[in-house]
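Notes for the one structure printed next.
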Amino acid sequence: MTKEELLNGEFLKQFKDSKDFGNFMDTLYKRGVETMLQGEIEAHLGYSKNQKRLDSGNSRNGYGKKTIKTAQGEFDISVPRDRNAEFEPQIVPKRSTLSEGIESLIVSLYAKGMSNSDIEGQLNELYGFNVSTSTISVVTDKITGDIIAWQNRPLESVYLIVWMDAVVFKVRENSRVVNKAIYLAVGLRGDGKKEVLGMWLGKNESAAFWMSVLTDLKTRGVQDILITVTDNLNGFTDTITQVFPDSTKQICVVHQIRNSARYVVWKDKKEFTKDLKYIYTAPNQQAARAALEDFKLKWNGKYSYAVDSWYKNWDELTAFLDFPVEIRRIIYTTNLIENLNGKIRKYTKNKLSFPTDEAVKKSVYLALGEVTKKWTMPIHNWGLILNQFMTIFENRVQLDKIEP
């Protein structure tokens with residue numbers, strides 16, 4: 001049939017109805033799979049079906065029947081065999097009844113927050129065949145190896161900025177549901193692109209566990225972090241100093257505002273937070289300190305604990321004021337990683353609790369894969385920001401590893 005006949009619809013006229021056309025497509029797909037299997041066994045044995053058999057001690061041994069499930073439906077296919085039973089098909093592996101396309105679809109649906117039973121129903125509704133929840137679990141469990149490889153991959157020697165935060169999930173443990181935290185670190189590389197450095201599962205967020213996270217980063221090749229951005233978890237900045245002593249440590253200003261405002265009565269909150277703004281929007285350290293003194297004179301009598309918390313964390317709260325405006329905007333808050341956490345929540349919101357630690361890691365890993373698909377471009381104003389980093393940290397930025 002010519003291209004013109006196909007475009008004019010002549011090709012479709014040979015089919016009685018849509019079912020007849022569907023049967024044709026099924027047959028076409030089946031033949032395609034079986035042809036690829038023939039190619040695989042020829043490559044395995046070293047000679048084609050019509051060639052003289054090589055004296056290799058192995059040969060063809062007929063066919064076996066196998067039912068596979070694909071996006072096109074269920075098919076019985078003929079799988080070639082060899083006498084030594086050494087042939088391992090790649091397109092349809094032994095002991096597998098799912099095509100690679102269906103496995104990818106299952107993983108994609110799981111990544112978007114669907115439960116095993118939801119996926120089972122979706123596949124039945126869309127494609128008309130049943131895949132048990134246990135089979136779906138087996139497919140998604142294959143991700144565990146990917147997680148281990150990803151979590152242990154080598155990292156860059158220097159990161160310009162690393163944002164760190166934790167997100168809490170409910171997990172079943174010893175017949176009860178407990179809170180556990182996924183610790184996350186996102187680094188800004190020398191090419192201006194963001195990278196999730198890893199995820200670590202632990203108990204509720206603590207500085208002690210962050211020590212193990214930072215140590216892991218170091219063992220995987222990180223020698224220096226220029227700036228760290230964290231919440232104001234007690235002891236966190238001291239922990240960073242022990243592992244990366246030269247890092248500039250910035251505590252999230254937004255977290256500090258929220259925490260200090262917790263001690264303020266409702267009728268004072270608007271004026272209290274307005275006065276705080278004069279501190280963190282100051283043009284430099286000197287002006288910020290003057291604003292803090294004015295703030296203390298006004299509010300220390302009523303809210304001394306809230307005021308003292310600014311003095312206690314002053315150096316880490318105002319570290320961003322030592323940098324140009326473009327860098328200030330991306331380090332004074334943990335918004336970047338909090339947005340990441342929010343998107344992870346979006347993908348996992350259907351799971352009220354997880355049956356195991358592995359289930360949590362699997363879901364978060366897949367959610368991270370979905371979110372970071374868009375992390376393909378450098379951050380805004382990268383050329384300018386790069387030059388600022390190279391000027392400020394000229395002895396610590398490795399020029400040969402920087403991409404402008």
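In the structure tokens, chains take the letters A, B, ... in the order shown, each chain's residues start at 1, and ligands count up from 1 in the order shown.
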Q: May I have the residues within 9 Å of Thr372 of chain A as a ChimeraX atom specification, using only C-alpha atoms and disregarding those fewer than 4 positions away in the same chain?
A: /A:194-196,340,367-368,376
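Excluding Phe272 of chain A itself and any same-chain residue fewer than 4 positions from it, the protein and nucleic acid residues within 8 Å of it, counting only C-alpha atoms, are A:Ala261, A:Val264, A:Asp268, A:Leu276, A:Trp299.
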Residues just named, written with N, CA, C and O atoms as a PDB file, in the first residue's frame:
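Once written, part-v7.pdb looks like this:
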```pdb
ATOM      1  N   ALA A 261       7.480  34.710  66.726  1.00  0.00           N
ATOM      2  CA  ALA A 261       6.106  35.220  66.777  1.00  0.00           C
ATOM      3  C   ALA A 261       5.167  34.286  67.538  1.00  0.00           C
ATOM      4  O   ALA A 261       4.061  34.691  67.921  1.00  0.00           O
ATOM      5  N   VAL A 264       4.029  35.701  70.855  1.00  0.00           N
ATOM      6  CA  VAL A 264       3.387  37.014  70.826  1.00  0.00           C
ATOM      7  C   VAL A 264       1.868  36.844  70.751  1.00  0.00           C
ATOM      8  O   VAL A 264       1.368  36.024  69.966  1.00  0.00           O
ATOM      9  N   ASP A 268      -0.782  41.812  69.065  1.00  0.00           N
ATOM     10  CA  ASP A 268       0.529  42.439  68.860  1.00  0.00           C
ATOM     11  C   ASP A 268       1.268  41.901  67.635  1.00  0.00           C
ATOM     12  O   ASP A 268       2.285  42.481  67.220  1.00  0.00           O
ATOM     13  N   LEU A 276      10.075  43.594  62.983  1.00  0.00           N
ATOM     14  CA  LEU A 276      11.131  42.631  62.634  1.00  0.00           C
ATOM     15  C   LEU A 276      11.647  42.864  61.207  1.00  0.00           C
ATOM     16  O   LEU A 276      12.826  42.645  60.920  1.00  0.00           O
ATOM     17  N   TRP A 299      10.170  45.924  72.542  1.00  0.00           N
ATOM     18  CA  TRP A 299       9.449  44.675  72.821  1.00  0.00           C
ATOM     19  C   TRP A 299      10.047  43.811  73.935  1.00  0.00           C
ATOM     20  O   TRP A 299       9.401  42.846  74.355  1.00  0.00           O
TER      21      TRP A 299
END
```
Q: Please provide as a ChimeraX atom specification all residues within 6 Å of segment 350-355 of chain A, with the sequence filter that same-chain residues fewer than 6 positions apart are discarded (counting only C-alpha atoms).
A: /A:170-172
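Atom CA of Gln250 of chain A to atom CA of Lys180 of chain A spans 25.4 Å [interatomic distance, one decimal].
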Q: Using DSSP on the backbone, list every residue of segment 211-354 of chain A that comes out as strand (DSSP E), and give them as number ranges by chain.
A: A: 224-230, 248-251
Those selected residues, please, written with C-alpha atoms and delivered as a PDB file, in the first residue's frame.
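That gives us out.pdb:
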```pdb
ATOM      1  CA  ASP A 224      33.843  21.962  50.905  1.00  0.00           C
ATOM      2  CA  ILE A 225      30.465  23.683  51.148  1.00  0.00           C
ATOM      3  CA  LEU A 226      30.682  27.455  50.803  1.00  0.00           C
ATOM      4  CA  ILE A 227      27.273  28.288  52.327  1.00  0.00           C
ATOM      5  CA  THR A 228      24.777  26.115  54.211  1.00  0.00           C
ATOM      6  CA  VAL A 229      21.127  27.114  54.625  1.00  0.00           C
ATOM      7  CA  THR A 230      19.112  25.431  57.391  1.00  0.00           C
ATOM      8  CA  THR A 248      29.208  30.146  56.101  1.00  0.00           C
ATOM      9  CA  LYS A 249      26.111  29.120  58.037  1.00  0.00           C
ATOM     10  CA  GLN A 250      22.803  30.866  57.335  1.00  0.00           C
ATOM     11  CA  ILE A 251      19.725  30.157  59.476  1.00  0.00           C
TER      12      ILE A 251
END
```
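Between atom CA of Thr348 of chain A and atom CA of Asn174 of chain A lies a distance of 22.3 Å.
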**Q.** Non-local contacts of segment 317-319 of chain A (10 Å; only C-alpha atoms; under 2 positions in same chain excluded) as an MDAnalysis selection string
**A.** chainID A and resid 227 232 248:254 256 279:280 282 284:285 288:289 310:315 321:323 328 331:333
